[in-house]
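> Input final-v8.tsv, format and content: TSV, C-alpha atoms.
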```tsv
chain	number	residue	atom	x	y	z
A	1	ALA	CA	-42.37	98.46	6.98
A	2	GLN	CA	-40.12	96.42	9.26
A	3	GLU	CA	-43.09	95.42	11.42
A	4	ARG	CA	-45.06	94.42	8.36
A	5	ASN	CA	-42.15	92.25	7.18
A	6	ALA	CA	-41.85	90.68	10.62
A	7	ILE	CA	-45.60	90.01	10.72
A	8	SER	CA	-45.43	88.51	7.21
A	9	ILE	CA	-42.59	86.20	8.26
A	10	LEU	CA	-44.46	85.14	11.40
A	11	THR	CA	-47.64	84.56	9.39
A	12	LYS	CA	-45.77	82.30	6.95
A	13	LYS	CA	-44.28	80.39	9.86
A	14	GLN	CA	-47.72	79.99	11.42
A	15	ILE	CA	-49.10	78.66	8.14
A	16	GLU	CA	-46.14	76.30	7.83
A	17	ILE	CA	-46.64	75.07	11.40
A	18	ALA	CA	-50.37	74.57	10.81
A	19	THR	CA	-49.60	72.65	7.63
A	20	ARG	CA	-47.12	70.42	9.40
A	21	GLU	CA	-49.55	69.86	12.28
A	22	LYS	CA	-52.20	68.82	9.74
A	23	THR	CA	-49.68	66.45	8.12
A	24	ILE	CA	-48.84	64.98	11.52
A	25	GLU	CA	-52.55	64.56	12.25
A	26	ASN	CA	-53.06	62.74	8.94
A	27	ILE	CA	-50.06	60.50	9.58
A	28	GLU	CA	-51.32	59.64	13.07
A	29	LYS	CA	-54.72	58.84	11.57
A	30	GLN	CA	-53.07	56.57	8.98
A	31	ILE	CA	-51.06	54.86	11.71
A	32	LYS	CA	-54.26	54.09	13.62
A	33	GLU	CA	-55.86	52.75	10.42
A	34	TYR	CA	-52.81	50.59	9.69
A	35	GLU	CA	-52.80	49.28	13.25
A	36	ALA	CA	-56.47	48.35	12.90
A	37	GLU	CA	-55.73	46.61	9.56
A	38	GLU	CA	-52.77	44.80	11.11
A	39	GLU	CA	-54.97	43.55	13.94
A	40	ALA	CA	-57.56	42.37	11.43
A	41	TYR	CA	-54.92	40.59	9.33
A	42	ARG	CA	-53.51	38.91	12.41
A	43	ALA	CA	-56.98	37.64	13.28
A	44	ILE	CA	-57.42	36.34	9.70
A	45	LEU	CA	-54.01	34.64	9.76
A	46	LEU	CA	-54.88	33.01	13.04
A	47	LEU	CA	-58.09	31.62	11.57
A	48	LEU	CA	-56.47	30.55	8.31
A	49	ASN	CA	-53.38	28.98	9.87
A	50	PRO	CA	-53.02	25.50	8.27
A	51	GLN	CA	-52.11	24.03	11.65
A	52	ASP	CA	-55.07	25.39	13.55
A	53	GLY	CA	-58.07	27.58	12.95
A	54	LEU	CA	-60.56	27.22	10.10
A	55	ILE	CA	-58.22	25.69	7.51
A	56	ALA	CA	-57.02	23.04	9.95
A	57	GLU	CA	-60.62	22.14	10.76
A	58	GLY	CA	-61.47	21.95	7.07
A	59	LEU	CA	-58.32	19.97	6.27
A	60	LEU	CA	-58.96	17.52	9.06
A	61	GLY	CA	-62.44	16.86	7.70
A	62	TYR	CA	-61.15	16.26	4.18
A	63	ILE	CA	-58.20	14.23	5.47
A	64	LYS	CA	-60.66	11.78	7.01
A	65	ILE	CA	-62.50	11.43	3.68
A	66	PHE	CA	-59.22	11.05	1.78
A	67	LEU	CA	-57.92	8.41	4.18
A	68	SER	CA	-61.18	6.49	3.92
A	69	ARG	CA	-60.64	6.19	0.16
A	70	LEU	CA	-56.94	5.43	0.65
A	71	ASN	CA	-57.68	2.62	3.10
A	72	GLY	CA	-60.24	1.21	0.68
A	73	PHE	CA	-57.60	1.11	-2.05
A	74	ILE	CA	-55.12	-0.61	0.26
A	75	LYS	CA	-57.62	-3.40	0.92
A	76	ASN	CA	-57.28	-4.44	-2.73
A	77	ILE	CA	-53.70	-5.53	-2.01
A	78	TRP	CA	-53.16	-6.09	1.70
A	79	THR	CA	-54.46	-9.36	3.14
A	80	TYR	CA	-54.41	-8.33	6.80
A	81	PRO	CA	-55.54	-5.03	8.41
A	82	LEU	CA	-53.52	-2.00	7.34
A	83	ILE	CA	-55.21	1.23	8.33
A	84	VAL	CA	-53.93	4.81	8.10
A	85	HIS	CA	-55.47	7.05	10.75
A	86	PRO	CA	-56.14	10.81	10.55
A	87	SER	CA	-53.61	13.29	11.84
A	88	LYS	CA	-54.15	14.41	15.41
A	89	VAL	CA	-54.36	17.85	16.99
A	90	GLU	CA	-51.53	18.21	19.48
A	91	ASP	CA	-51.91	20.26	22.66
A	92	ASP	CA	-55.43	21.13	21.45
A	93	VAL	CA	-53.85	23.66	19.11
A	94	ASP	CA	-51.74	22.38	16.21
A	95	LEU	CA	-52.43	19.76	13.56
A	96	SER	CA	-49.44	17.42	13.72
A	97	TYR	CA	-49.54	16.17	10.10
A	98	ARG	CA	-48.32	12.79	11.32
A	99	PHE	CA	-50.50	9.88	10.35
A	100	PRO	CA	-50.57	6.86	12.68
A	101	VAL	CA	-50.89	3.48	11.01
A	102	THR	CA	-52.25	0.21	12.39
A	103	VAL	CA	-50.57	-2.88	11.00
A	104	GLY	CA	-52.19	-6.26	11.56
A	105	LEU	CA	-54.05	-6.82	14.80
A	106	SER	CA	-51.77	-4.63	16.88
A	107	ASP	CA	-53.53	-2.61	19.57
A	108	THR	CA	-50.96	0.18	19.36
A	109	PRO	CA	-50.71	2.08	16.04
A	110	LYS	CA	-47.31	3.23	14.89
A	111	ASN	CA	-46.96	6.98	15.38
A	112	ASP	CA	-46.42	7.73	11.70
A	113	ILE	CA	-46.39	6.08	8.28
A	114	VAL	CA	-42.61	6.42	8.03
A	115	LEU	CA	-42.27	3.88	10.86
A	116	GLY	CA	-43.93	1.17	8.77
A	117	SER	CA	-42.03	-1.52	6.88
A	118	ASP	CA	-40.84	-1.07	3.29
A	119	GLY	CA	-43.85	-2.98	2.00
A	120	VAL	CA	-46.29	-0.94	4.09
A	121	ARG	CA	-44.81	2.35	2.88
A	122	GLU	CA	-44.78	1.13	-0.71
A	123	VAL	CA	-48.46	0.19	-0.81
A	124	ILE	CA	-49.47	3.39	1.01
A	125	ASP	CA	-47.40	5.42	-1.46
A	126	LEU	CA	-49.22	3.89	-4.45
A	127	ALA	CA	-52.61	4.27	-2.76
A	128	PHE	CA	-51.86	7.93	-2.04
A	129	LYS	CA	-50.90	8.62	-5.66
A	130	MET	CA	-54.01	6.94	-7.08
A	131	VAL	CA	-56.45	8.56	-4.64
A	132	ALA	CA	-54.79	11.98	-5.07
A	133	MET	CA	-54.98	11.75	-8.87
A	134	LYS	CA	-58.66	10.87	-8.65
A	135	ALA	CA	-59.35	13.66	-6.17
A	136	LEU	CA	-57.62	16.19	-8.45
A	137	GLY	CA	-59.45	14.91	-11.51
A	138	LEU	CA	-56.22	13.98	-13.31
A	139	LYS	CA	-56.82	11.67	-16.26
A	140	GLY	CA	-54.43	10.23	-18.78
A	141	TYR	CA	-51.39	10.83	-16.61
A	142	PRO	CA	-48.84	7.98	-16.61
A	143	VAL	CA	-48.39	5.83	-13.54
A	144	TYR	CA	-44.83	4.64	-12.95
A	145	LEU	CA	-44.31	1.41	-11.01
A	146	ASP	CA	-40.60	0.91	-10.50
A	147	GLU	CA	-40.23	-2.67	-9.19
A	148	PHE	CA	-43.56	-2.30	-7.44
A	149	GLY	CA	-44.09	-5.07	-4.90
A	150	ARG	CA	-40.42	-6.02	-4.63
A	151	THR	CA	-40.74	-5.98	-0.83
A	152	PHE	CA	-44.03	-7.94	-0.76
A	153	ASP	CA	-44.46	-11.60	0.04
A	154	ALA	CA	-45.91	-13.94	-2.60
A	155	ALA	CA	-49.57	-13.38	-1.65
A	156	HIS	CA	-49.32	-9.59	-1.61
A	157	ARG	CA	-47.29	-9.57	-4.84
A	158	GLU	CA	-50.03	-11.56	-6.56
A	159	ASN	CA	-52.68	-9.14	-5.28
A	160	ALA	CA	-50.59	-6.20	-6.49
A	161	LEU	CA	-50.37	-7.64	-10.01
A	162	LYS	CA	-54.11	-8.28	-10.06
A	163	LEU	CA	-54.68	-4.66	-9.10
A	164	VAL	CA	-52.35	-3.42	-11.87
A	165	GLU	CA	-54.20	-5.61	-14.35
A	166	LYS	CA	-57.54	-4.24	-13.10
A	167	LEU	CA	-56.35	-0.66	-13.44
A	168	SER	CA	-55.27	-1.26	-17.03
A	169	GLU	CA	-58.20	-3.41	-18.19
A	170	GLU	CA	-60.85	-1.09	-16.79
A	171	PHE	CA	-59.09	1.91	-18.36
A	172	ILE	CA	-58.82	3.62	-15.03
A	173	GLU	CA	-55.24	4.32	-15.99
A	174	ASP	CA	-54.34	3.91	-19.65
A	175	GLN	CA	-50.63	4.63	-19.21
A	176	ILE	CA	-48.90	2.31	-16.79
A	177	PHE	CA	-45.14	1.87	-17.01
A	178	MET	CA	-43.94	-1.08	-14.95
A	179	VAL	CA	-40.28	-1.84	-14.37
A	180	SER	CA	-39.40	-5.29	-13.08
A	181	HIS	CA	-36.51	-7.77	-13.11
A	182	SER	CA	-38.85	-10.72	-12.94
A	183	PHE	CA	-40.61	-11.84	-16.11
A	184	MET	CA	-43.08	-13.90	-14.06
A	185	GLU	CA	-44.39	-10.73	-12.42
A	186	TYR	CA	-45.61	-9.04	-15.59
A	187	SER	CA	-46.12	-12.00	-17.92
A	188	VAL	CA	-49.62	-12.49	-16.46
A	189	LEU	CA	-50.71	-9.07	-17.72
A	190	ASN	CA	-52.68	-8.82	-20.94
A	191	ASP	CA	-52.07	-6.47	-23.85
A	192	VAL	CA	-48.62	-5.43	-22.66
A	193	SER	CA	-45.79	-4.00	-24.72
A	194	PHE	CA	-42.43	-5.33	-23.56
A	195	CYS	CA	-39.23	-3.34	-23.65
A	196	VAL	CA	-36.12	-5.28	-22.62
A	197	LEU	CA	-33.13	-3.10	-21.82
A	198	SER	CA	-30.70	-5.98	-21.38
A	199	GLN	CA	-31.08	-9.61	-22.47
A	200	ASP	CA	-28.36	-10.86	-20.14
A	201	ASN	CA	-29.41	-13.46	-17.55
A	202	ILE	CA	-33.16	-12.96	-17.98
A	203	VAL	CA	-36.04	-14.96	-19.36
A	204	LEU	CA	-37.40	-13.19	-22.42
A	205	PRO	CA	-41.16	-12.70	-22.67
A	206	PRO	CA	-43.00	-14.45	-25.51
A	207	GLY	CA	-43.69	-12.64	-28.77
A	208	GLU	CA	-42.01	-9.56	-30.06
A	209	ILE	CA	-40.09	-7.27	-27.75
A	210	ASN	CA	-38.98	-3.67	-28.13
A	211	ARG	CA	-41.45	-2.98	-30.92
A	212	GLY	CA	-40.86	0.55	-32.16
A	213	VAL	CA	-38.01	1.01	-29.69
A	214	ILE	CA	-34.36	1.55	-30.50
A	215	ILE	CA	-31.89	1.20	-27.62
A	216	GLU	CA	-28.54	2.91	-28.14
A	217	ARG	CA	-25.54	2.36	-25.93
```
Can you present the structure in this file as structure tokens?

Amino acid sequence: AQERNAISILTKKQIEIATREKTIENIEKQIKEYEAEEEAYRAILLLLNPQDGLIAEGLLGYIKIFLSRLNGFIKNIWTYPLIVHPSKVEDDVDLSYRFPVTVGLSDTPKNDIVLGSDGVREVIDLAFKMVAMKALGLKGYPVYLDEFGRTFDAAHRENALKLVEKLSEEFIEDQIFMVSHSFMEYSVLNDVSFCVLSQDNIVLPPGEINRGVIIER
């Protein structure tokens, strides 16, 4: 009876050991599967990295198309060459996301848009917004021009106003809100509703102002 009990205990231990060994085997198998998945995911991440790999290649191609449209928009305002160049791949690996810009007839582009003058950055900013809205298929969204062209010279300011007028008259953008301290800048625009926040030291536009608007202080 004692021997049978001892054998029974040993048999249970053997079964328990076999069960644990099977569990360990399954865990080791899962570890190998997870390691293979991890290696696959790393390869995918490498290819889909936005700074290199497939996405970077795709982005660089679209960036060139986008900048072509952006530069075309800029030509409507700027009288001398102003060209934004595609981002470069640094060390043959990473996309830098810095966009050199050529201003005038200079042989050496500035390393990035941020190094341009206030006027250059302002016109590029507007061009980017307009081209991006068109690329995204956004229609009916308001365009806000807060003292747009304040840093331009007379010729560029005139071109900017002509462009605003073109955008409104051709219904490319049907909601344009323009803020300016100079009546002469927006008085040339047709079919404009004027809202004057303060009548101190300004020339009032002709016709009615603040129609349907109540200003409370």
> Of the candidates A:Asp191, A:Glu3, A:Asp125, A:Glu158, which one gets nearest to Tyr144 in chain A if we count all atoms listed in the file?
A:Asp125
> State, in Å with one decimal place, the distance from CA of Pro81 in chain A to CA of Val103 in chain A.
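That distance, rounded to one decimal, is 6.0 Å.
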> Which distance in Å separates CA of Leu161 in chain A and CA of Gly149 in chain A, to one decimal?
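Computed distance, CA of Leu161 in chain A to CA of Gly149 in chain A, equals 8.5 Å.
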> Near Glu147 in chain A, counting all atoms listed in the file, which residues have an atom at most 10 Å away, once you skip same-chain residues fewer than 4 positions from it, shown as a PyMOL selection string?
chain A and resi 151+178-182+185
> Could you state the separation of CA of Asp112 in chain A and CA of Val164 in chain A in Å, given to one decimal place?
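One can read the CA of Asp112 in chain A to CA of Val164 in chain A distance as 26.7 Å.
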> Find, counting only C-alpha atoms, the residue in A:Glu38, A:Phe177, A:Leu189, A:Lys129 that gets nearest to Glu165 in chain A.
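Among the listed residues, A:Leu189 lies closest to Glu165 in chain A.
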> Got a sec: who's within 10 Å of Leu197 in chain A, counting only C-alpha atoms, leaving out chain neighbours fewer than 4 positions off, as a PyMOL selection string?
chain A and resi 210+214-216
> So that I have them on file, write out the residues from the current selection with C-alpha atoms, as a short mmCIF file (atom, residue, chain, number, x, y, z; two decimals), in the coordinates of the input.

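Printed below is result_8.cif as written:
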```
data_model
loop_
_atom_site.label_atom_id
_atom_site.label_comp_id
_atom_site.auth_asym_id
_atom_site.auth_seq_id
_atom_site.Cartn_x
_atom_site.Cartn_y
_atom_site.Cartn_z
CA ASN A 210 -38.98 -3.67 -28.13
CA ILE A 214 -34.36 1.55 -30.50
CA ILE A 215 -31.89 1.20 -27.62
CA GLU A 216 -28.54 2.91 -28.14
#
```
> With distances taken over all atoms listed in the file, which residue among A:Leu60, A:Leu10, A:Val213, A:Ala127 lies nearest Asn76 in chain A?
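Checking each candidate against Asn76 in chain A, we get A:Ala127 as the closest.
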> So, with all atoms listed in the file as the atoms that count, which of A:Gln2, A:Asn111, A:Gln30, A:Ser117 lies closest to Pro86 in chain A?
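When distances to Pro86 in chain A are compared using all atoms listed in the file, the smallest one comes from A:Asn111.
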> For range 34-45 of chain A, supply all heavy atoms and report the output as an mmCIF file, in the frame of the given file.

```cif
data_model
loop_
_atom_site.group_PDB
_atom_site.id
_atom_site.type_symbol
_atom_site.label_atom_id
_atom_site.label_comp_id
_atom_site.auth_asym_id
_atom_site.auth_seq_id
_atom_site.Cartn_x
_atom_site.Cartn_y
_atom_site.Cartn_z
ATOM 1 N N TYR A 34 -53.708 51.711 9.965
ATOM 2 C CA TYR A 34 -52.810 50.590 9.690
ATOM 3 C C TYR A 34 -52.774 49.615 10.863
ATOM 4 O O TYR A 34 -52.704 48.385 10.675
ATOM 5 C CB TYR A 34 -51.394 51.084 9.370
ATOM 6 C CG TYR A 34 -51.276 51.785 8.035
ATOM 7 C CD1 TYR A 34 -50.372 52.820 7.848
ATOM 8 C CD2 TYR A 34 -52.068 51.398 6.965
ATOM 9 C CE1 TYR A 34 -50.257 53.468 6.626
ATOM 10 C CE2 TYR A 34 -51.962 52.036 5.735
ATOM 11 C CZ TYR A 34 -51.059 53.077 5.564
ATOM 12 O OH TYR A 34 -50.952 53.695 4.363
ATOM 13 N N GLU A 35 -52.786 50.154 12.072
ATOM 14 C CA GLU A 35 -52.800 49.280 13.250
ATOM 15 C C GLU A 35 -54.074 48.447 13.293
ATOM 16 O O GLU A 35 -54.049 47.259 13.639
ATOM 17 C CB GLU A 35 -52.658 50.131 14.527
ATOM 18 C CG GLU A 35 -51.269 50.706 14.726
ATOM 19 C CD GLU A 35 -51.187 51.611 15.945
ATOM 20 O OE1 GLU A 35 -52.283 52.006 16.451
ATOM 21 O OE2 GLU A 35 -50.071 51.938 16.392
ATOM 22 N N ALA A 36 -55.208 49.086 12.939
ATOM 23 C CA ALA A 36 -56.470 48.350 12.900
ATOM 24 C C ALA A 36 -56.438 47.267 11.822
ATOM 25 O O ALA A 36 -56.898 46.135 12.032
ATOM 26 C CB ALA A 36 -57.626 49.312 12.643
ATOM 27 N N GLU A 37 -55.860 47.590 10.645
ATOM 28 C CA GLU A 37 -55.730 46.610 9.560
ATOM 29 C C GLU A 37 -54.812 45.463 9.981
ATOM 30 O O GLU A 37 -55.087 44.295 9.702
ATOM 31 C CB GLU A 37 -55.188 47.280 8.300
ATOM 32 C CG GLU A 37 -56.190 48.184 7.608
ATOM 33 C CD GLU A 37 -55.635 48.742 6.317
ATOM 34 O OE1 GLU A 37 -54.528 48.314 5.912
ATOM 35 O OE2 GLU A 37 -56.295 49.600 5.718
ATOM 36 N N GLU A 38 -53.702 45.818 10.655
ATOM 37 C CA GLU A 38 -52.770 44.800 11.110
ATOM 38 C C GLU A 38 -53.449 43.834 12.076
ATOM 39 O O GLU A 38 -53.281 42.609 11.986
ATOM 40 C CB GLU A 38 -51.562 45.447 11.783
ATOM 41 C CG GLU A 38 -50.531 44.439 12.260
ATOM 42 C CD GLU A 38 -49.388 45.090 13.022
ATOM 43 O OE1 GLU A 38 -49.525 46.276 13.389
ATOM 44 O OE2 GLU A 38 -48.376 44.407 13.252
ATOM 45 N N GLU A 39 -54.247 44.392 12.984
ATOM 46 C CA GLU A 39 -54.970 43.550 13.940
ATOM 47 C C GLU A 39 -55.953 42.638 13.223
ATOM 48 O O GLU A 39 -56.090 41.455 13.567
ATOM 49 C CB GLU A 39 -55.700 44.443 14.948
ATOM 50 C CG GLU A 39 -56.379 43.669 16.071
ATOM 51 C CD GLU A 39 -57.030 44.581 17.086
ATOM 52 O OE1 GLU A 39 -56.843 45.811 16.986
ATOM 53 O OE2 GLU A 39 -57.734 44.057 17.982
ATOM 54 N N ALA A 40 -56.612 43.180 12.201
ATOM 55 C CA ALA A 40 -57.560 42.370 11.430
ATOM 56 C C ALA A 40 -56.838 41.259 10.671
ATOM 57 O O ALA A 40 -57.291 40.111 10.640
ATOM 58 C CB ALA A 40 -58.336 43.260 10.454
ATOM 59 N N TYR A 41 -55.692 41.602 10.064
ATOM 60 C CA TYR A 41 -54.920 40.590 9.330
ATOM 61 C C TYR A 41 -54.395 39.505 10.256
ATOM 62 O O TYR A 41 -54.348 38.327 9.896
ATOM 63 C CB TYR A 41 -53.760 41.249 8.574
ATOM 64 C CG TYR A 41 -54.187 42.029 7.357
ATOM 65 C CD1 TYR A 41 -53.610 43.265 7.060
ATOM 66 C CD2 TYR A 41 -55.172 41.538 6.504
ATOM 67 C CE1 TYR A 41 -54.006 43.982 5.946
ATOM 68 C CE2 TYR A 41 -55.563 42.257 5.391
ATOM 69 C CZ TYR A 41 -54.983 43.484 5.107
ATOM 70 O OH TYR A 41 -55.370 44.187 4.001
ATOM 71 N N ARG A 42 -53.979 39.910 11.442
ATOM 72 C CA ARG A 42 -53.510 38.910 12.410
ATOM 73 C C ARG A 42 -54.633 37.944 12.778
ATOM 74 O O ARG A 42 -54.418 36.736 12.914
ATOM 75 C CB ARG A 42 -52.957 39.593 13.669
ATOM 76 C CG ARG A 42 -51.621 40.297 13.473
ATOM 77 C CD ARG A 42 -51.104 40.875 14.777
ATOM 78 N NE ARG A 42 -49.871 41.601 14.593
ATOM 79 C CZ ARG A 42 -48.667 41.031 14.545
ATOM 80 N NH1 ARG A 42 -48.556 39.719 14.695
ATOM 81 N NH2 ARG A 42 -47.586 41.763 14.365
ATOM 82 N N ALA A 43 -55.835 38.492 12.951
ATOM 83 C CA ALA A 43 -56.980 37.640 13.280
ATOM 84 C C ALA A 43 -57.282 36.682 12.124
ATOM 85 O O ALA A 43 -57.576 35.497 12.331
ATOM 86 C CB ALA A 43 -58.201 38.512 13.578
ATOM 87 N N ILE A 44 -57.177 37.196 10.873
ATOM 88 C CA ILE A 44 -57.420 36.340 9.700
ATOM 89 C C ILE A 44 -56.361 35.247 9.608
ATOM 90 O O ILE A 44 -56.678 34.077 9.366
ATOM 91 C CB ILE A 44 -57.429 37.190 8.414
ATOM 92 C CG1 ILE A 44 -58.650 38.112 8.409
ATOM 93 C CG2 ILE A 44 -57.433 36.296 7.177
ATOM 94 C CD1 ILE A 44 -58.663 39.099 7.268
ATOM 95 N N LEU A 45 -55.092 35.628 9.811
ATOM 96 C CA LEU A 45 -54.010 34.640 9.760
ATOM 97 C C LEU A 45 -54.189 33.560 10.809
ATOM 98 O O LEU A 45 -53.907 32.389 10.579
ATOM 99 C CB LEU A 45 -52.656 35.332 9.938
ATOM 100 C CG LEU A 45 -52.148 36.157 8.758
ATOM 101 C CD1 LEU A 45 -50.868 36.896 9.137
ATOM 102 C CD2 LEU A 45 -51.886 35.253 7.560
#
```
